[in-house]
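A.B. asks: Can you keep this structure in mind? I'll have questions shortly.
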Amino acid sequence: MSPLTVSARPAARHGWPQALAVVLTGLAVMVLVAAAGLWAAGAAGLPDGAFPRVLAATVVTAVGGSVRLAGDAGALARTEAGITVLPLSVALAGALVVGVGFLRPLRHRNLASAGALAGWAARIAVLWLLVLTGLAFAARETFAVDVGSGTLSDLTSLFEAEPRVGFAADVPPTVLFGLLWLVGVLVVALLVARRVPLPGRLPRWREGARPAARAMVELLLAAVVVGLVVALGTAAGRGDAPATFALILLGLPNLVWPALTVGLGATWNGRVDGPFGLPVPHVLDVLLRTPDVSEVDLRTLTQYDGRMAWLPVAAGVLLLAVAVRAALRSPPRTPLWLDVVRLGVALALTVLAICLLCRISAHYGLSLLGIGDLGGGLSGELLLRPRTWQAVGLGALWGLVAGFLGHLLALPVRRRRRSSDGQHERGKGALHP
C-alpha cells in the first residue's frame, strides 16, 4: 500500500433490522429489570394473572408514560386513586442500552451525514413508538379491594358496593412522553460520545459542551453506584433482602439522586400516611410519617441519624472528581471562566432534571354515602417533592465552585500534556528536516 492510500473504515449497516434490534434489546432489558423488581416487591402473587399487565404499566411509566388510576364501588360508593412516579432504575437501564445501540454503528463511520444520522434516528423512533403503543394498550387491569371483615364489609355487601381499583395507560400522552424520552436519550448519547462523527458545525459545538455534559452523566452514574453499594451493605446487615432488591431494581435513582441534592443543601417536602410500605432507609421513613408535611434536608436528617452529615462530603468529592475530568477533557487553552460557567450551568440543569424526575405523588381512598374515609387502612398518601428553584440555585453555586477548583487542579496535567506534545513535535521535526 502506498503512503498516499487512505484506508476507510467500512460503514456499519444501520437499517431497519438494526433499528429493530436496538429497540427490542432496550425493551428486553427494561422488562427484565422491571420484572425482577416487581417480583422482589411481591407482585408475582397478584390475582387474575395481572402481573404481565402491571409489568407493562411499569415499563410505560419508566419512559414518562401516563397511567390513569380509576375506582368503582357501585352507585353509593366511590374510590379515588392517583399516582405520579417514574421507576428510574428501569428507565436508566433502558436509556443506557438504547444509547449504546444507537451509537454503535456510528462509531464505524468516517463521517455521518445529516441525512444518514436523521434516518437512523427516525427508524429507531418509529419502531420505538410502535412498541410503546402496544405496551400502552396492554397496561390496563382492575382489582377488587379487600375490605376485610366488620362494619365496612357489611355495608359494602348491603349496598352492593364492592370497591374496585384499576389502572389504564393513556395512549396519546404515553406516546408523546415516550418519544420525548427517546429523543432525550439520543441527544445525550450524541453529546457525550467521543468517537462519533457529526455533520456540519455540530462537532465544534459538541467540543465545547461535551466535557461538562459527560461530567454530569458520570456524576449521576457514580451516585447510583455509591447508592448500590450502600443498599447491598444494608441488605446484608438487616437481612431484608427482597425489599432492598425491589428498591434497587425499581427506584434506586429515585432515592440517591434526591440524596445528592440534599448533600448540596436542597430541601424536599414529603409525607407518608397510611399503609404505604417504603423500602427506604429507616430515617427517611420515620421522618416522613408525620401528621403534617415534613422537611427533608440535611438538618432534619442528621437529627435522626448523624451519619447523614456525610452527604455533603460525598456530594463534594463526587462533584470535584467529575469537575477535574471535565477540565481535562476541555479543549486546550480553555479559559478559567468558561470552564466555571459551563459546569455551573450543567449542574443547575442536572439538578432541575432530578427535581422533575424524582418527585412522587400517590394517594387512594374509599368513601361510602359521601362519608369520608370508612376504610381505616383503606386510604393513604405518599408525597415527595422538591423546592425546585432553591435546589437549582444551589446546584449552580456548587457547579461554579467545582468548575473553578477542577480547572485549577487540572492545570498541572494540562501543562505536562502540552510539554509532551511539544517535545513530540520537535522530535518529528528532527527526524524529517
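Order determines the names: the first chain of the C-alpha cells is A, the second B, and so forth; residues in each chain are numbered 1 upward, and ligands are numbered 1 upward as they are shown.
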For Leu221 (chain A), find every residue with an atom within 12 Å (counting only C-alpha atoms), except residues of its own chain fewer than 2 positions away, and show them as a VMD selection string.

C.D. replies: chain A and resid 89 92 to 93 96 214 to 219 223 to 228 252 to 253 256 to 257 260 318 to 319 322

A.B. asks: Residues at most 12 Å from Val293 (chain A), counting only C-alpha atoms, excluding those fewer than 4 positions away in the same chain, as a list in words?

C.D. replies: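 Selected residues are Trp268, Asn269, Gly270, Arg271, Val272, Asp273, Leu287, Leu288, Arg289, Glu381, Leu382, Leu383, Leu384 and Arg385 of chain A.
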
A.B. asks: Those selected residues, please, written with all heavy atoms and delivered as a CSV table (one decimal), in the first residue's frame.

C.D. replies:
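Printed below is out_12.csv as written:
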```
chain,number,residue,atom,x,y,z
A,268,TRP,N,-36.4,18.9,50.4
A,268,TRP,CA,-37.5,18.3,49.8
A,268,TRP,C,-38.6,18.2,50.9
A,268,TRP,O,-38.4,18.1,52.1
A,268,TRP,CB,-37.2,16.8,49.4
A,268,TRP,CG,-36.3,16.8,48.2
A,268,TRP,CD1,-35.0,17.2,48.2
A,268,TRP,CD2,-36.5,16.3,46.9
A,268,TRP,NE1,-34.4,17.0,46.9
A,268,TRP,CE2,-35.4,16.4,46.1
A,268,TRP,CE3,-37.7,15.7,46.3
A,268,TRP,CZ2,-35.3,16.0,44.8
A,268,TRP,CZ3,-37.6,15.2,45.0
A,268,TRP,CH2,-36.4,15.4,44.3
A,269,ASN,N,-39.9,18.3,50.4
A,269,ASN,CA,-41.0,18.2,51.3
A,269,ASN,C,-41.7,16.8,51.1
A,269,ASN,O,-41.9,16.4,49.9
A,269,ASN,CB,-42.0,19.3,51.1
A,269,ASN,CG,-41.5,20.7,51.4
A,269,ASN,OD1,-40.7,20.8,52.4
A,269,ASN,ND2,-41.8,21.7,50.7
A,270,GLY,N,-42.1,16.2,52.1
A,270,GLY,CA,-42.7,14.9,52.0
A,270,GLY,C,-43.6,14.5,53.1
A,270,GLY,O,-43.6,15.0,54.2
A,271,ARG,N,-44.4,13.4,52.8
A,271,ARG,CA,-45.3,12.9,53.8
A,271,ARG,C,-45.8,11.5,53.4
A,271,ARG,O,-46.0,11.2,52.3
A,271,ARG,CB,-46.6,13.8,54.0
A,271,ARG,CG,-47.6,13.4,55.0
A,271,ARG,CD,-48.7,14.4,55.3
A,271,ARG,NE,-49.6,14.0,56.3
A,271,ARG,CZ,-50.8,13.4,56.1
A,271,ARG,NH1,-51.2,13.3,54.8
A,271,ARG,NH2,-51.6,13.1,57.0
A,272,VAL,N,-45.9,10.7,54.4
A,272,VAL,CA,-46.5,9.3,54.2
A,272,VAL,C,-47.6,9.1,55.2
A,272,VAL,O,-47.4,9.3,56.4
A,272,VAL,CB,-45.4,8.2,54.4
A,272,VAL,CG1,-46.0,6.8,54.3
A,272,VAL,CG2,-44.3,8.4,53.4
A,273,ASP,N,-48.7,8.7,54.7
A,273,ASP,CA,-49.9,8.5,55.5
A,273,ASP,C,-50.6,7.2,55.0
A,273,ASP,O,-50.9,7.1,53.8
A,273,ASP,CB,-50.9,9.6,55.5
A,273,ASP,CG,-52.1,9.4,56.4
A,273,ASP,OD1,-52.0,8.8,57.4
A,273,ASP,OD2,-53.2,9.8,56.0
A,287,LEU,N,-39.0,10.0,59.2
A,287,LEU,CA,-39.1,11.5,59.0
A,287,LEU,C,-40.4,11.8,58.2
A,287,LEU,O,-41.0,12.9,58.5
A,287,LEU,CB,-37.9,12.0,58.3
A,287,LEU,CG,-37.7,13.5,58.1
A,287,LEU,CD1,-37.6,14.1,59.5
A,287,LEU,CD2,-36.5,13.8,57.3
A,288,LEU,N,-40.8,11.0,57.4
A,288,LEU,CA,-42.0,11.3,56.5
A,288,LEU,C,-43.3,10.9,57.2
A,288,LEU,O,-44.4,11.4,56.8
A,288,LEU,CB,-41.9,10.5,55.2
A,288,LEU,CG,-40.7,11.0,54.3
A,288,LEU,CD1,-40.7,10.1,53.0
A,288,LEU,CD2,-40.8,12.4,53.9
A,289,ARG,N,-43.3,10.0,58.2
A,289,ARG,CA,-44.6,9.6,58.8
A,289,ARG,C,-44.9,10.5,59.9
A,289,ARG,O,-44.8,10.2,61.1
A,289,ARG,CB,-44.5,8.2,59.3
A,289,ARG,CG,-44.4,7.1,58.2
A,289,ARG,CD,-44.5,5.7,58.6
A,289,ARG,NE,-44.3,4.8,57.6
A,289,ARG,CZ,-45.3,4.4,56.7
A,289,ARG,NH1,-46.5,4.9,56.9
A,289,ARG,NH2,-45.1,3.6,55.7
A,381,GLU,N,-51.6,8.2,51.5
A,381,GLU,CA,-51.0,9.3,50.7
A,381,GLU,C,-49.5,9.2,50.8
A,381,GLU,O,-48.9,9.0,51.9
A,381,GLU,CB,-51.5,10.7,51.2
A,381,GLU,CG,-50.9,11.8,50.4
A,381,GLU,CD,-51.3,13.2,50.9
A,381,GLU,OE1,-51.6,13.3,52.1
A,381,GLU,OE2,-51.2,14.1,50.1
A,382,LEU,N,-48.8,9.3,49.7
A,382,LEU,CA,-47.4,9.4,49.7
A,382,LEU,C,-47.0,10.6,48.8
A,382,LEU,O,-47.4,10.7,47.7
A,382,LEU,CB,-46.8,8.1,49.1
A,382,LEU,CG,-45.3,8.1,48.8
A,382,LEU,CD1,-44.5,8.3,50.0
A,382,LEU,CD2,-44.9,6.7,48.1
A,383,LEU,N,-46.1,11.4,49.4
A,383,LEU,CA,-45.8,12.7,48.8
A,383,LEU,C,-44.3,13.0,49.0
A,383,LEU,O,-43.8,12.9,50.1
A,383,LEU,CB,-46.6,13.8,49.3
A,383,LEU,CG,-46.3,15.3,48.9
A,383,LEU,CD1,-46.7,15.4,47.4
A,383,LEU,CD2,-47.0,16.3,49.7
A,384,LEU,N,-43.6,13.3,47.9
A,384,LEU,CA,-42.2,13.8,48.0
A,384,LEU,C,-42.0,14.7,46.8
A,384,LEU,O,-42.0,14.3,45.7
A,384,LEU,CB,-41.2,12.6,47.9
A,384,LEU,CG,-39.8,12.9,48.1
A,384,LEU,CD1,-39.5,13.4,49.5
A,384,LEU,CD2,-38.9,11.7,47.9
A,385,ARG,N,-41.7,16.0,47.2
A,385,ARG,CA,-41.5,17.0,46.1
A,385,ARG,C,-40.4,18.0,46.6
A,385,ARG,O,-40.3,18.2,47.8
A,385,ARG,CB,-42.8,17.7,45.8
A,385,ARG,CG,-43.4,18.5,47.0
A,385,ARG,CD,-44.8,18.9,46.7
A,385,ARG,NE,-45.4,19.6,47.8
A,385,ARG,CZ,-46.7,19.8,48.0
A,385,ARG,NH1,-47.5,19.4,47.1
A,385,ARG,NH2,-47.1,20.4,49.1
```

A.B. asks: Which distance in Å separates CA of Arg307 (chain A) and CA of Gly263 (chain A), to one decimal?

C.D. replies: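 Distance between the two atoms: 12.1 Å.
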
A.B. asks: Write out as a list in words the residues lying within 9 Å of Arg206 (chain A), counting only C-alpha atoms and excluding same-chain residues fewer than 6 positions away.

C.D. replies: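 That gives Leu190, Leu191 and Val192 of chain A.
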
A.B. asks: Keeping only N, CA and C atoms, write those residues as an mmCIF file, in the first residue's frame.

C.D. replies:
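again.cif, freshly written:
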```
data_model
loop_
_atom_site.group_PDB
_atom_site.id
_atom_site.type_symbol
_atom_site.label_atom_id
_atom_site.label_comp_id
_atom_site.auth_asym_id
_atom_site.auth_seq_id
_atom_site.Cartn_x
_atom_site.Cartn_y
_atom_site.Cartn_z
ATOM 1 N N LEU A 190 -25.373 11.385 21.788
ATOM 2 C CA LEU A 190 -24.533 12.081 20.818
ATOM 3 C C LEU A 190 -23.652 13.131 21.485
ATOM 4 N N LEU A 191 -24.192 13.760 22.531
ATOM 5 C CA LEU A 191 -23.449 14.841 23.185
ATOM 6 C C LEU A 191 -22.229 14.333 23.935
ATOM 7 N N VAL A 192 -22.345 13.166 24.577
ATOM 8 C CA VAL A 192 -21.245 12.682 25.415
ATOM 9 C C VAL A 192 -20.332 11.709 24.683
#
```

A.B. asks: Using DSSP on the backbone coordinates, identify the residues of region 84-236 of chain A assigned to strand (DSSP E); present them as number ranges by chain.

C.D. replies: A: 84, 140-144, 164-170

A.B. asks: What would the file look like if the residues just selected were written as a tab-separated table (two decimals), in the first residue's frame with all heavy atoms?

C.D. replies:
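Result went into again-v1.tsv, see below:
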```tsv
chain	number	residue	atom	x	y	z
A	84	THR	N	-48.15	9.42	40.61
A	84	THR	CA	-47.15	10.03	39.72
A	84	THR	C	-45.78	9.63	40.23
A	84	THR	O	-45.32	10.13	41.26
A	84	THR	CB	-47.28	11.56	39.71
A	84	THR	OG1	-48.59	11.94	39.30
A	84	THR	CG2	-46.26	12.17	38.76
A	140	ARG	N	-53.39	-2.31	31.36
A	140	ARG	CA	-54.69	-1.99	31.96
A	140	ARG	C	-55.20	-3.20	32.72
A	140	ARG	O	-55.08	-4.33	32.29
A	140	ARG	CB	-55.68	-1.55	30.89
A	140	ARG	CG	-55.88	-2.51	29.73
A	140	ARG	CD	-56.67	-1.86	28.61
A	140	ARG	NE	-55.91	-0.78	28.01
A	140	ARG	CZ	-56.42	0.44	27.78
A	140	ARG	NH1	-57.66	0.71	28.11
A	140	ARG	NH2	-55.67	1.38	27.22
A	141	GLU	N	-55.74	-2.94	33.89
A	141	GLU	CA	-56.23	-4.02	34.77
A	141	GLU	C	-57.12	-3.42	35.84
A	141	GLU	O	-57.03	-2.22	36.15
A	141	GLU	CB	-55.04	-4.75	35.41
A	141	GLU	CG	-55.40	-5.96	36.27
A	141	GLU	CD	-56.17	-7.01	35.52
A	141	GLU	OE1	-55.56	-7.90	34.90
A	141	GLU	OE2	-57.42	-6.92	35.58
A	142	THR	N	-58.01	-4.24	36.42
A	142	THR	CA	-58.88	-3.82	37.52
A	142	THR	C	-58.79	-4.86	38.63
A	142	THR	O	-58.84	-6.07	38.37
A	142	THR	CB	-60.34	-3.69	37.05
A	142	THR	OG1	-60.40	-2.75	35.97
A	142	THR	CG2	-61.22	-3.20	38.18
A	143	PHE	N	-58.68	-4.38	39.88
A	143	PHE	CA	-58.57	-5.26	41.04
A	143	PHE	C	-59.72	-4.98	42.01
A	143	PHE	O	-60.14	-3.82	42.16
A	143	PHE	CB	-57.25	-5.04	41.80
A	143	PHE	CG	-56.04	-5.23	40.97
A	143	PHE	CD1	-55.40	-4.15	40.37
A	143	PHE	CD2	-55.52	-6.50	40.77
A	143	PHE	CE1	-54.27	-4.31	39.61
A	143	PHE	CE2	-54.37	-6.68	40.00
A	143	PHE	CZ	-53.76	-5.59	39.42
A	144	ALA	N	-60.19	-6.02	42.68
A	144	ALA	CA	-61.13	-5.84	43.78
A	144	ALA	C	-60.35	-5.51	45.05
A	144	ALA	O	-59.29	-6.09	45.31
A	144	ALA	CB	-61.96	-7.10	43.99
A	164	ARG	N	-63.53	-1.40	43.73
A	164	ARG	CA	-62.56	-1.90	42.76
A	164	ARG	C	-61.67	-0.74	42.33
A	164	ARG	O	-62.13	0.39	42.17
A	164	ARG	CB	-63.24	-2.52	41.54
A	164	ARG	CG	-64.18	-3.67	41.87
A	164	ARG	CD	-64.76	-4.28	40.62
A	164	ARG	NE	-63.76	-4.96	39.81
A	164	ARG	CZ	-63.33	-6.20	40.03
A	164	ARG	NH1	-63.86	-6.92	41.02
A	164	ARG	NH2	-62.42	-6.74	39.27
A	165	VAL	N	-60.40	-1.04	42.17
A	165	VAL	CA	-59.44	-0.04	41.72
A	165	VAL	C	-58.71	-0.62	40.52
A	165	VAL	O	-58.29	-1.78	40.53
A	165	VAL	CB	-58.43	0.32	42.83
A	165	VAL	CG1	-57.36	1.24	42.29
A	165	VAL	CG2	-59.15	0.97	44.00
A	166	GLY	N	-58.57	0.19	39.48
A	166	GLY	CA	-57.89	-0.28	38.28
A	166	GLY	C	-56.98	0.78	37.71
A	166	GLY	O	-56.94	1.92	38.17
A	167	PHE	N	-56.24	0.40	36.69
A	167	PHE	CA	-55.35	1.34	36.03
A	167	PHE	C	-55.42	1.09	34.53
A	167	PHE	O	-55.74	-0.02	34.07
A	167	PHE	CB	-53.90	1.19	36.53
A	167	PHE	CG	-53.28	-0.14	36.21
A	167	PHE	CD1	-52.63	-0.35	35.00
A	167	PHE	CD2	-53.34	-1.18	37.12
A	167	PHE	CE1	-52.06	-1.58	34.70
A	167	PHE	CE2	-52.77	-2.41	36.84
A	167	PHE	CZ	-52.13	-2.61	35.62
A	168	ALA	N	-55.13	2.12	33.79
A	168	ALA	CA	-55.07	2.02	32.33
A	168	ALA	C	-54.15	3.11	31.82
A	168	ALA	O	-54.22	4.26	32.26
A	168	ALA	CB	-56.46	2.16	31.71
A	169	ALA	N	-53.29	2.75	30.89
A	169	ALA	CA	-52.38	3.73	30.31
A	169	ALA	C	-53.12	4.63	29.33
A	169	ALA	O	-53.93	4.15	28.53
A	169	ALA	CB	-51.22	3.03	29.61
A	170	ASP	N	-52.88	5.92	29.43
A	170	ASP	CA	-53.41	6.87	28.45
A	170	ASP	C	-52.48	6.85	27.23
A	170	ASP	O	-51.32	7.29	27.32
A	170	ASP	CB	-53.47	8.28	29.04
A	170	ASP	CG	-54.59	8.41	30.06
A	170	ASP	OD1	-55.62	7.73	29.88
A	170	ASP	OD2	-54.44	9.16	31.03
```

A.B. asks: Distance CA of Val22 (chain A)-CA of Pro105 (chain A), one decimal place?

C.D. replies: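 Taking CA of Val22 (chain A) and CA of Pro105 (chain A), their separation equals 10.8 Å.
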
A.B. asks: From the set A:Phe102, A:Trp16, A:Trp205, A:Trp310, which residue has the shortest atom-to-atom contact distance to Val183 (chain A), counting only C-alpha atoms?

C.D. replies: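 The shortest atom-to-atom distance to Val183 (chain A) comes from A:Phe102.
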
A.B. asks: Pick from A:Ala34, A:Val340, A:Leu357, A:Leu264: nearest to Leu408 (chain A), with only C-alpha atoms counted?

C.D. replies: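 Once distances to Leu408 (chain A) are computed over only C-alpha atoms, the minimum belongs to A:Val340.
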
A.B. asks: Could you find all residues in region 122-303 of chain A that DSSP calls alpha helix (DSSP H) from the backbone, and write them as number ranges by chain?

C.D. replies: A: 122-138, 151-158, 171-192, 202-238, 241-263, 282-288, 298-303

A.B. asks: So the first atom is CA of Val317 (chain A) and the second is CA of Val90 (chain A); what is the distance between them in Å, to one decimal place?

C.D. replies: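 CA of Val317 (chain A) sits 26.9 Å away from CA of Val90 (chain A).
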
A.B. asks: Restricting the calculation to only C-alpha atoms, which member of A:Trp181, A:Cys355, A:Ile360, A:Ala402 is positioned closest to Gln390 (chain A)?

C.D. replies: A:Cys355

A.B. asks: Enumerate, in order of chain and increasing residue number, the residues of region 88-141 of chain A with an atom no farther than 12 Å from region 45-64 of chain A, each with its shortest atom pair and distance in Å to one decimal, counting only C-alpha atoms, as JSON lines.

C.D. replies:
```
{"residue": "A:Leu88", "atom": "CA", "partner": "A:Ala62", "partner_atom": "CA", "distance": 6.2}
{"residue": "A:Ser89", "atom": "CA", "partner": "A:Ala62", "partner_atom": "CA", "distance": 8.2}
{"residue": "A:Val90", "atom": "CA", "partner": "A:Ala62", "partner_atom": "CA", "distance": 6.1}
{"residue": "A:Ala91", "atom": "CA", "partner": "A:Ala62", "partner_atom": "CA", "distance": 4.9}
{"residue": "A:Leu92", "atom": "CA", "partner": "A:Ala62", "partner_atom": "CA", "distance": 8.7}
{"residue": "A:Ala93", "atom": "CA", "partner": "A:Ala62", "partner_atom": "CA", "distance": 10.1}
{"residue": "A:Gly94", "atom": "CA", "partner": "A:Val63", "partner_atom": "CA", "distance": 8.8}
{"residue": "A:Ala95", "atom": "CA", "partner": "A:Val63", "partner_atom": "CA", "distance": 9.1}
{"residue": "A:Trp128", "atom": "CA", "partner": "A:Val63", "partner_atom": "CA", "distance": 11.2}
{"residue": "A:Leu129", "atom": "CA", "partner": "A:Val60", "partner_atom": "CA", "distance": 11.4}
{"residue": "A:Val131", "atom": "CA", "partner": "A:Val60", "partner_atom": "CA", "distance": 10.4}
{"residue": "A:Leu132", "atom": "CA", "partner": "A:Val60", "partner_atom": "CA", "distance": 7.2}
{"residue": "A:Thr133", "atom": "CA", "partner": "A:Val60", "partner_atom": "CA", "distance": 9.3}
{"residue": "A:Gly134", "atom": "CA", "partner": "A:Ala56", "partner_atom": "CA", "distance": 9.3}
{"residue": "A:Leu135", "atom": "CA", "partner": "A:Ala56", "partner_atom": "CA", "distance": 5.7}
{"residue": "A:Ala136", "atom": "CA", "partner": "A:Val60", "partner_atom": "CA", "distance": 6.6}
{"residue": "A:Phe137", "atom": "CA", "partner": "A:Ala56", "partner_atom": "CA", "distance": 9.0}
{"residue": "A:Ala138", "atom": "CA", "partner": "A:Arg53", "partner_atom": "CA", "distance": 6.0}
{"residue": "A:Ala139", "atom": "CA", "partner": "A:Ala57", "partner_atom": "CA", "distance": 4.7}
{"residue": "A:Arg140", "atom": "CA", "partner": "A:Arg53", "partner_atom": "CA", "distance": 6.1}
{"residue": "A:Glu141", "atom": "CA", "partner": "A:Arg53", "partner_atom": "CA", "distance": 6.7}
```
